[in-house]
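Asker: This structure is in structure tokens; I'll ask about it shortly.
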There are 2 protein chains.
Amino acid sequence: MKPSTPKGTRDFAPALMRKRNHLFGVLREHFELFGYAPIETPAMENLDTLTGKYGEEGDQLLFKVLNNGDFLAKADHEALDARDSRTAAASLSKRGLRYDLTVPFARFVVQHRNDINLPFKRYAIQPVWRADRPQKGRYQEFYQCDADVVGSDSLLYEAEIVRLLDVAFAELGLKVNIKLNHRGVLQALLEVSGIADARFVDFVTALDKLDKIGRDKVLTEMSERGIESDAAAKALDLLGAEGLDATDGPLASSVVGRAALADLARVRQLATSPGAIPPLLFSPTLARGLSYYTGCIFEVEVDTSVLAQAHIKMGSIAAGGRYANLTEAFGGRDMSGVGISFGAERIFDVMEELELWPDEVSVGRKVLLAAFDESDLAWAFAKTNELRAAGIAADCYPEAAKPKKSLGYANQCGIPFAILIGERERTSGRLALKDLATGEQVDVDTAGAIARLWG
Amino acid sequence: MKPSTPKGTRDFAPALMRKRNHLFGVLREHFELFGYAPIETPAMENLDTLTGKYGEEGDQLLFKVLNNGDFLAKADHEALDARDSRTAAASLSKRGLRYDLTVPFARFVVQHRNDINLPFKRYAIQPVWRADRPQKGRYQEFYQCDADVVGSDSLLYEAEIVRLLDVAFAELGLKVNIKLNHRGVLQALLEVSGIADARFVDFVTALDKLDKIGRDKVLTEMSERGIESDAAAKALDLLGAEGLDATDGPLASSVVGRAALADLARVRQLATSPGAIPPLLFSPTLARGLSYYTGCIFEVEVDTSVLAQAHIKMGSIAAGGRYANLTEAFGGRDMSGVGISFGAERIFDVMEELELWPDEVSVGRKVLLAAFDESDLAWAFAKTNELRAAGIAADCYPEAAKPKKSLGYANQCGIPFAILIGERERTSGRLALKDLATGEQVDVDTAGAIARLWG
């Protein structure tokens, strides 16, 4: 009966935590540098807030929290007696665990509208919960790292997100490509291909699968979704045409298309400056999230050369876009925004595969002090505290022990240095600082030990 | 229909987040300095793990997560039909939200026993959830900040916790007293007063209320709990006697008492060194947590002089102790440990009352760049990114605007500096850096602006 975490959830032991903290720390640092401010929202939201925001499938994946106390007394007895789980759930549960950070952010903006100044730029790094079937790399609890700005439709913010992505991934050591598209590009494509505007979501839903299932199956799906075959084929031909670029081409005959291409050109211009040329790719087939994004959309992928070198496959590691109506569902108006979500779990996996962690990330305790003899233990502990006061993460082996035992502990724990304390040390104040990786030992006073341990 | 967070939960807007991050950051830094390593456990635990660990009252305060899918099909139909909420709950819910960080830690240690080295020192800073009735200062979601070491019974770790408390609270600017007691002191007290060992929990439960309800009511409660009145009175007299100290006195006639007093003396000796004398108080009436602590217990209070000065009342802001059997409930053996829990929410409240936040805590964006004219916007944005690359949290007002508007935004947001960008700046490269608090303005080049903004 060994205890365990629930299926689909994980513990993070210290070695993993240090890597995750490095990743989150780099993202946090860049969010702050780019002027985004931290907020946190509660893990539980009212189900009113969550339900209906993620489509029917999403609603089924919400974790619901059972009402407390005598919850059956106030439940929907008819539904209970009919064993109708879906109907009964609404009367058994008023709250759910957050499913993403975007809906709580929209709720936050409307709830605190009078306390925030627009444009409001916030970031959040918090876990979310989804009752997905657990599988390799997919968990029921995982972190999202989002930055969004709301209250302005300036394209400067799209450009800012491009810069943020460029700089943050460079700092993490990951070579990436930032794919960019615009809802207007695809709307114009429908227009010039003769596909009705009402088929927009059908078109982009099928198009989004192009990489995975190929042109023929996409055409089949479009046809099944009521899009006329010749028109669909024409649209795909246009998308594949060489002439389609971010500034000109067949889409320029559409008013919507011209506006979208102008937006994309402006974003590229703003995001590019001497010495800083972000790896921006215009990707007209990029359609993800277009059921809610209303302007530019972004998707970041690890550069294929990097993936090939490490023999791994990996989808997008960050994505986002412009939404004109973030707060509409909560009664907010005129609140255009743009945001980006870093896929922290995937970024972690790539960094792990590519061994991109800085050396110092793995070090917690820098040095272990250990006494041979009971009579030296208090002195060793006092010396440990002296090192701590100097900013060194130092630890003291808790009992008098043979070096084999105390140094064995230091080695097992990955503590890089040790200082054995005996009568000589206690009377002379000199310390033998041992590098456990090389075996090298130097004889130093306390100030010398501190200087070396800082280095 | 304004949306809101669930009752008993809170949003944290940026100003609050920055203060909380400061507090958590100081604690994290000190945990690391003292050799504790970070872990995280999932928000949801199996109810098997949680139930029965917090007493019957605690079990009632667990948030339970409704099973997903067609949960009624597999529910206890008899209990449902009888509207027996308590029995039905077990069949409707397999998981609950963690109630504290100690039980998940014990579960972690047993589950990962083969992957950790003893002594294992960990800290965790994570939210916990309790279905308590919300009231002022009490929330259903709140953070705990715990450090524990497991796998050693060395008193060095008790002393280490005393040092940690002393140093961490000093860094936070809070004058505190660290109250210390030992289970053996109270066991000995029962022994010399002629109270049966079996009444231990009754005795300490009543004693724990001494400060709140006074001697007479404590005696009444002890009597109701089956403790003979004369013996109870004798015990309270002894506790109040001047002769009772941490090294000698009436308890020394008991073997258990002598051992406990020796432990306390050793902890005081180890925790004290030249230049570091922690504010330790032997508090023989301290009885909190003695239903599970087996050795030393700690409780930290803000110094009364500080509280009086601010006209506030505040209970303990950190507490902990030694537990011989942390992992027993999960089948672990021989795992003595000692831990401390920082009451982050209360510490936050005291720091807020006393205005102990460093000035720099409130600053996010350091400078706002703003263009008068559309033709200068791209240049202002490029300059903003240049400052960011130099490590300055800079922001660019997203559209060309009159200074009244852009500087008004900076003021509202608490951004301390602004740089207005016009044709002069764009052509000369000189920047007018304005201190918005003083109105003072200096004419500098970019390097000069960076140097001043770093200062």
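How things are named: the first chain in the structure tokens is A, the next is B, and so on; residues count from 1 in each chain; ligands count from 1 in the order shown.
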With only C-alpha atoms as the counted atoms, please give the residues lying no more than 9 Å from region 369-383 of chain B, apart from itself and same-chain residues fewer than 6 positions off, as a PyMOL selection string.

Answerer: (chain A and resi 156+160+269-273) or (chain B and resi 394-403+406-407+417-423+426+446)

Asker: May I have the selected residues written with C-alpha atoms, as a compact mmCIF listing (two decimals), in the first residue's frame?

Answerer:
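After the write, part.txt holds the following:
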```txt
# COMPACT_ATOMS: atom_id res chain seq x y z
CA LEU A 156 3.33 47.94 -30.82
CA GLU A 160 6.73 43.67 -28.19
CA GLN A 269 9.06 46.73 -38.93
CA LEU A 270 8.57 47.56 -35.24
CA ALA A 271 10.04 44.28 -34.04
CA THR A 272 13.17 44.67 -36.13
CA SER A 273 15.88 47.15 -35.30
CA ALA B 394 11.27 49.85 -19.52
CA ASP B 395 7.95 50.34 -21.25
CA CYS B 396 6.79 52.29 -24.29
CA TYR B 397 3.45 54.08 -24.36
CA PRO B 398 1.71 52.29 -27.23
CA GLU B 399 0.57 55.26 -29.27
CA ALA B 400 1.60 58.83 -30.01
CA ALA B 401 0.07 60.96 -27.27
CA LYS B 402 0.21 64.33 -25.57
CA PRO B 403 2.54 64.30 -22.53
CA SER B 406 1.35 59.47 -21.31
CA LEU B 407 2.80 61.02 -18.14
CA PHE B 417 10.74 57.95 -14.54
CA ALA B 418 9.68 59.02 -18.01
CA ILE B 419 11.43 59.91 -21.24
CA LEU B 420 9.47 61.91 -23.81
CA ILE B 421 10.57 61.23 -27.36
CA GLY B 422 10.26 63.87 -30.08
CA GLU B 423 12.19 64.94 -33.12
CA ARG B 426 15.40 61.11 -32.48
CA THR B 446 21.42 56.47 -23.62
```

Asker: Determine, counting only C-alpha atoms, which protein, DNA and RNA residues have an atom within 10 Å of an atom of Asn46 (chain B); residues of the same chain fewer than 6 positions away are not included. Present the result as a PDB file with C-alpha atoms, in the first residue's frame.

Answerer:
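Result file follows (selection_18.pdb):
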```pdb
ATOM      1  CA  PRO A   3       1.185   5.965  -1.131  1.00  0.00           C
ATOM      2  CA  SER A   4       1.264   7.818  -4.433  1.00  0.00           C
ATOM      3  CA  THR A   5       0.182  10.992  -6.206  1.00  0.00           C
ATOM      4  CA  PRO A   6      -3.087  10.871  -8.132  1.00  0.00           C
ATOM      5  CA  LYS A   7      -2.871   9.630 -11.715  1.00  0.00           C
TER       6      LYS A   7
ATOM      7  CA  LYS B  64     -13.094  17.144  -2.337  1.00  0.00           C
ATOM      8  CA  VAL B  65     -12.874  16.978  -6.110  1.00  0.00           C
ATOM      9  CA  SER B  93     -14.753  11.846  -4.942  1.00  0.00           C
ATOM     10  CA  LYS B  94     -11.367  10.120  -4.982  1.00  0.00           C
ATOM     11  CA  ARG B  95      -9.229  13.246  -4.655  1.00  0.00           C
ATOM     12  CA  GLY B  96      -9.002  16.276  -2.453  1.00  0.00           C
ATOM     13  CA  LEU B  97      -7.064  19.542  -2.338  1.00  0.00           C
ATOM     14  CA  ARG B  98      -4.083  19.501   0.011  1.00  0.00           C
TER      15      ARG B  98
END
```

Asker: Write out as a list in words which residues come within 10 Å of Leu174 (chain B) when counting only C-alpha atoms, dropping same-chain ones fewer than 6 positions away.

Answerer: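 Close residues of Leu174 (chain B): Asp166, Ala168, Glu301, Val302, Asp303, Val306, Ile347, Val350, Met351, Leu354 and Leu356 of chain B.
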
Asker: Limited to N, CA and C atoms, could you put the picked residues into a file as a CSV table (one decimal), in the first residue's frame?

Answerer:
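The resulting again.csv:
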```
chain,number,residue,atom,x,y,z
B,166,ASP,N,15.6,33.3,13.6
B,166,ASP,CA,16.3,34.5,14.0
B,166,ASP,C,16.7,35.4,12.8
B,168,ALA,N,16.0,35.0,9.5
B,168,ALA,CA,15.0,35.3,8.5
B,168,ALA,C,14.1,36.5,9.0
B,301,GLU,N,6.5,34.8,18.2
B,301,GLU,CA,5.6,35.9,18.3
B,301,GLU,C,6.3,37.2,18.0
B,302,VAL,N,5.6,38.1,17.4
B,302,VAL,CA,6.1,39.4,17.3
B,302,VAL,C,6.3,40.0,18.7
B,303,ASP,N,7.4,40.7,18.9
B,303,ASP,CA,7.7,41.3,20.2
B,303,ASP,C,6.6,42.3,20.6
B,306,VAL,N,6.6,46.0,19.7
B,306,VAL,CA,6.3,46.3,18.3
B,306,VAL,C,4.8,46.3,18.1
B,347,ILE,N,2.3,37.0,8.8
B,347,ILE,CA,3.6,37.8,8.6
B,347,ILE,C,3.3,38.9,7.7
B,350,VAL,N,1.3,41.7,9.4
B,350,VAL,CA,2.1,42.5,10.3
B,350,VAL,C,3.0,43.4,9.6
B,351,MET,N,3.7,42.9,8.5
B,351,MET,CA,4.6,43.7,7.7
B,351,MET,C,3.8,44.9,7.1
B,354,LEU,N,3.0,47.5,9.8
B,354,LEU,CA,4.2,48.2,10.2
B,354,LEU,C,5.0,48.8,9.1
B,356,LEU,N,6.8,47.6,6.6
B,356,LEU,CA,8.1,47.1,6.6
B,356,LEU,C,8.7,46.8,5.2
```

Asker: I want to know what sits within 9 Å of Ala235 (chain B), based on only C-alpha atoms, with residues of the same chain fewer than 4 positions away left out; could you give that as a list of chain:residue names?

Answerer: B:Leu189, B:Leu190, B:Val192, B:Ser193, B:Gly194, B:Ile195, B:Asp230, B:Ala231, B:Leu239, B:Gly240

Asker: Could you give me, as a PyMOL selection string, the residues within 10 Å of Tyr292 (chain A), counting only C-alpha atoms and dropping anything in the same chain fewer than 3 positions from it?

Answerer: chain A and resi 183+201+288-289+295+321-326

Asker: Atoms to include: N, CA, C and O atoms. Write the selected residues as a PDB file, in the first residue's frame.

Answerer:
```pdb
ATOM      1  N   ARG A 183      -5.600  36.775 -38.803  1.00  0.00           N
ATOM      2  CA  ARG A 183      -6.942  36.305 -39.136  1.00  0.00           C
ATOM      3  C   ARG A 183      -7.396  36.862 -40.489  1.00  0.00           C
ATOM      4  O   ARG A 183      -8.014  36.147 -41.286  1.00  0.00           O
ATOM      5  N   VAL A 201     -14.706  29.269 -39.497  1.00  0.00           N
ATOM      6  CA  VAL A 201     -14.204  28.370 -38.449  1.00  0.00           C
ATOM      7  C   VAL A 201     -13.997  26.968 -39.009  1.00  0.00           C
ATOM      8  O   VAL A 201     -13.004  26.296 -38.708  1.00  0.00           O
ATOM      9  N   ARG A 288      -4.119  28.152 -35.931  1.00  0.00           N
ATOM     10  CA  ARG A 288      -4.448  27.755 -34.565  1.00  0.00           C
ATOM     11  C   ARG A 288      -5.037  28.890 -33.739  1.00  0.00           C
ATOM     12  O   ARG A 288      -4.556  30.019 -33.765  1.00  0.00           O
ATOM     13  N   GLY A 289      -6.074  28.578 -33.034  1.00  0.00           N
ATOM     14  CA  GLY A 289      -6.653  29.568 -32.131  1.00  0.00           C
ATOM     15  C   GLY A 289      -7.515  30.608 -32.821  1.00  0.00           C
ATOM     16  O   GLY A 289      -7.998  31.536 -32.181  1.00  0.00           O
ATOM     17  N   GLY A 295      -6.873  39.010 -34.649  1.00  0.00           N
ATOM     18  CA  GLY A 295      -5.887  39.743 -35.436  1.00  0.00           C
ATOM     19  C   GLY A 295      -4.673  38.870 -35.685  1.00  0.00           C
ATOM     20  O   GLY A 295      -4.801  37.762 -36.195  1.00  0.00           O
ATOM     21  N   GLY A 321      -1.842  35.524 -29.518  1.00  0.00           N
ATOM     22  CA  GLY A 321      -2.436  36.344 -30.551  1.00  0.00           C
ATOM     23  C   GLY A 321      -3.260  37.488 -29.989  1.00  0.00           C
ATOM     24  O   GLY A 321      -3.272  37.736 -28.777  1.00  0.00           O
ATOM     25  N   ARG A 322      -3.927  38.185 -30.898  1.00  0.00           N
ATOM     26  CA  ARG A 322      -4.761  39.346 -30.584  1.00  0.00           C
ATOM     27  C   ARG A 322      -6.217  38.916 -30.442  1.00  0.00           C
ATOM     28  O   ARG A 322      -6.729  38.164 -31.277  1.00  0.00           O
ATOM     29  N   TYR A 323      -6.852  39.341 -29.391  1.00  0.00           N
ATOM     30  CA  TYR A 323      -8.286  39.069 -29.233  1.00  0.00           C
ATOM     31  C   TYR A 323      -8.982  40.397 -28.982  1.00  0.00           C
ATOM     32  O   TYR A 323      -8.601  41.175 -28.115  1.00  0.00           O
ATOM     33  N   ALA A 324      -9.995  40.690 -29.794  1.00  0.00           N
ATOM     34  CA  ALA A 324     -10.665  41.986 -29.665  1.00  0.00           C
ATOM     35  C   ALA A 324     -11.605  42.003 -28.464  1.00  0.00           C
ATOM     36  O   ALA A 324     -11.933  43.072 -27.942  1.00  0.00           O
ATOM     37  N   ASN A 325     -12.022  40.835 -28.008  1.00  0.00           N
ATOM     38  CA  ASN A 325     -13.153  40.785 -27.078  1.00  0.00           C
ATOM     39  C   ASN A 325     -12.879  39.943 -25.844  1.00  0.00           C
ATOM     40  O   ASN A 325     -13.713  39.184 -25.398  1.00  0.00           O
ATOM     41  N   LEU A 326     -11.713  40.098 -25.273  1.00  0.00           N
ATOM     42  CA  LEU A 326     -11.324  39.258 -24.142  1.00  0.00           C
ATOM     43  C   LEU A 326     -12.366  39.244 -23.038  1.00  0.00           C
ATOM     44  O   LEU A 326     -12.700  38.196 -22.497  1.00  0.00           O
TER      45      LEU A 326
END
```

Asker: Smallest atom-to-atom distance to chain A: which of B:Leu387, B:Leu281, B:Leu101, B:Cys145, using only C-alpha atoms?

Answerer: B:Leu387

Asker: For chain A, which of B:Ser154, B:Gln187, B:Thr102, B:Gln126 is the closest residue, counting only C-alpha atoms?

Answerer: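 Closest to chain A, using only C-alpha atoms: B:Ser154.
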
Asker: Mind checking DSSP for region 152-252 of chain B and telling me the strand (DSSP E) residues as a count of residues only?

Answerer: 7

Asker: How many Å separate CA of Met335 (chain B) from CA of Pro416 (chain A)?

Answerer: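 According to the coordinates, CA of Met335 (chain B) and CA of Pro416 (chain A) are separated by 26.4 Å.
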
Asker: Grab the CA of Gly151 (chain B) to CA of Leu118 (chain B) distance for me, in Å with one decimal place.

Answerer: 5.2 Å

Asker: Identify, on the basis of only C-alpha atoms, every residue whose closest approach to region 130-141 of chain A does not exceed 6 Å; exclude the query and any residue fewer than 3 positions from it along the same chain; express the result as a list in words.

Answerer: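 The residues satisfying every condition are Gly8, Thr9, Leu61, Leu62 and Tyr99 of chain A.
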
Asker: Just to be explicit: take each residue in the selection above, keep N, CA and C atoms, and write the result as an mmCIF file, in the first residue's frame.

Answerer:
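again-v2.cif was written with the following content:
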```
data_model
loop_
_atom_site.group_PDB
_atom_site.id
_atom_site.type_symbol
_atom_site.label_atom_id
_atom_site.label_comp_id
_atom_site.auth_asym_id
_atom_site.auth_seq_id
_atom_site.Cartn_x
_atom_site.Cartn_y
_atom_site.Cartn_z
ATOM 1 N N GLY A 8 -1.817 11.171 -13.280
ATOM 2 C CA GLY A 8 -1.772 12.403 -14.069
ATOM 3 C C GLY A 8 -1.151 13.581 -13.334
ATOM 4 N N THR A 9 -0.739 13.357 -12.077
ATOM 5 C CA THR A 9 -0.072 14.439 -11.332
ATOM 6 C C THR A 9 1.318 13.975 -10.920
ATOM 7 N N LEU A 61 -13.768 18.635 -19.262
ATOM 8 C CA LEU A 61 -12.437 18.429 -18.675
ATOM 9 C C LEU A 61 -12.193 19.294 -17.440
ATOM 10 N N LEU A 62 -13.215 20.045 -17.021
ATOM 11 C CA LEU A 62 -13.069 20.850 -15.797
ATOM 12 C C LEU A 62 -13.103 19.934 -14.571
ATOM 13 N N TYR A 99 -8.790 26.205 -15.572
ATOM 14 C CA TYR A 99 -8.467 25.363 -16.729
ATOM 15 C C TYR A 99 -7.360 26.008 -17.544
#
```

Asker: Work out how far CA of Ala13 (chain B) is from CA of Gly35 (chain A), in Å to one decimal.

Answerer: 14.7 Å

Asker: Residues of region 272-432 of chain B classed as helix (DSSP H, G or I) by DSSP on the backbone are to be reported as JSON, numbers by chain.

Answerer: {"B": [304, 305, 306, 307, 308, 309, 310, 328, 329, 330, 344, 345, 346, 347, 348, 349, 350, 351, 352, 353, 354, 359, 360, 361, 362, 374, 375, 376, 377, 378, 379, 380, 381, 382, 383, 384, 385, 386, 387, 388, 389, 403, 404, 405, 406, 407, 408, 409, 410, 411, 412, 413, 423, 424, 425, 426, 427, 428]}

Asker: Looking at B:Val338, B:Ser229, B:Arg10, B:Pro284, which one is nearest to Phe120 (chain B), with distances taken over only C-alpha atoms?

Answerer: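 Answer, going by the shortest atom-to-atom distance: B:Val338.
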
Asker: Determine the nearest neighbour of Arg107 (chain A) from the options B:Val162, B:Val128, B:Phe203, B:Asp11, counting only C-alpha atoms.

Answerer: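 For Arg107 (chain A), the nearest of the candidates is B:Asp11.
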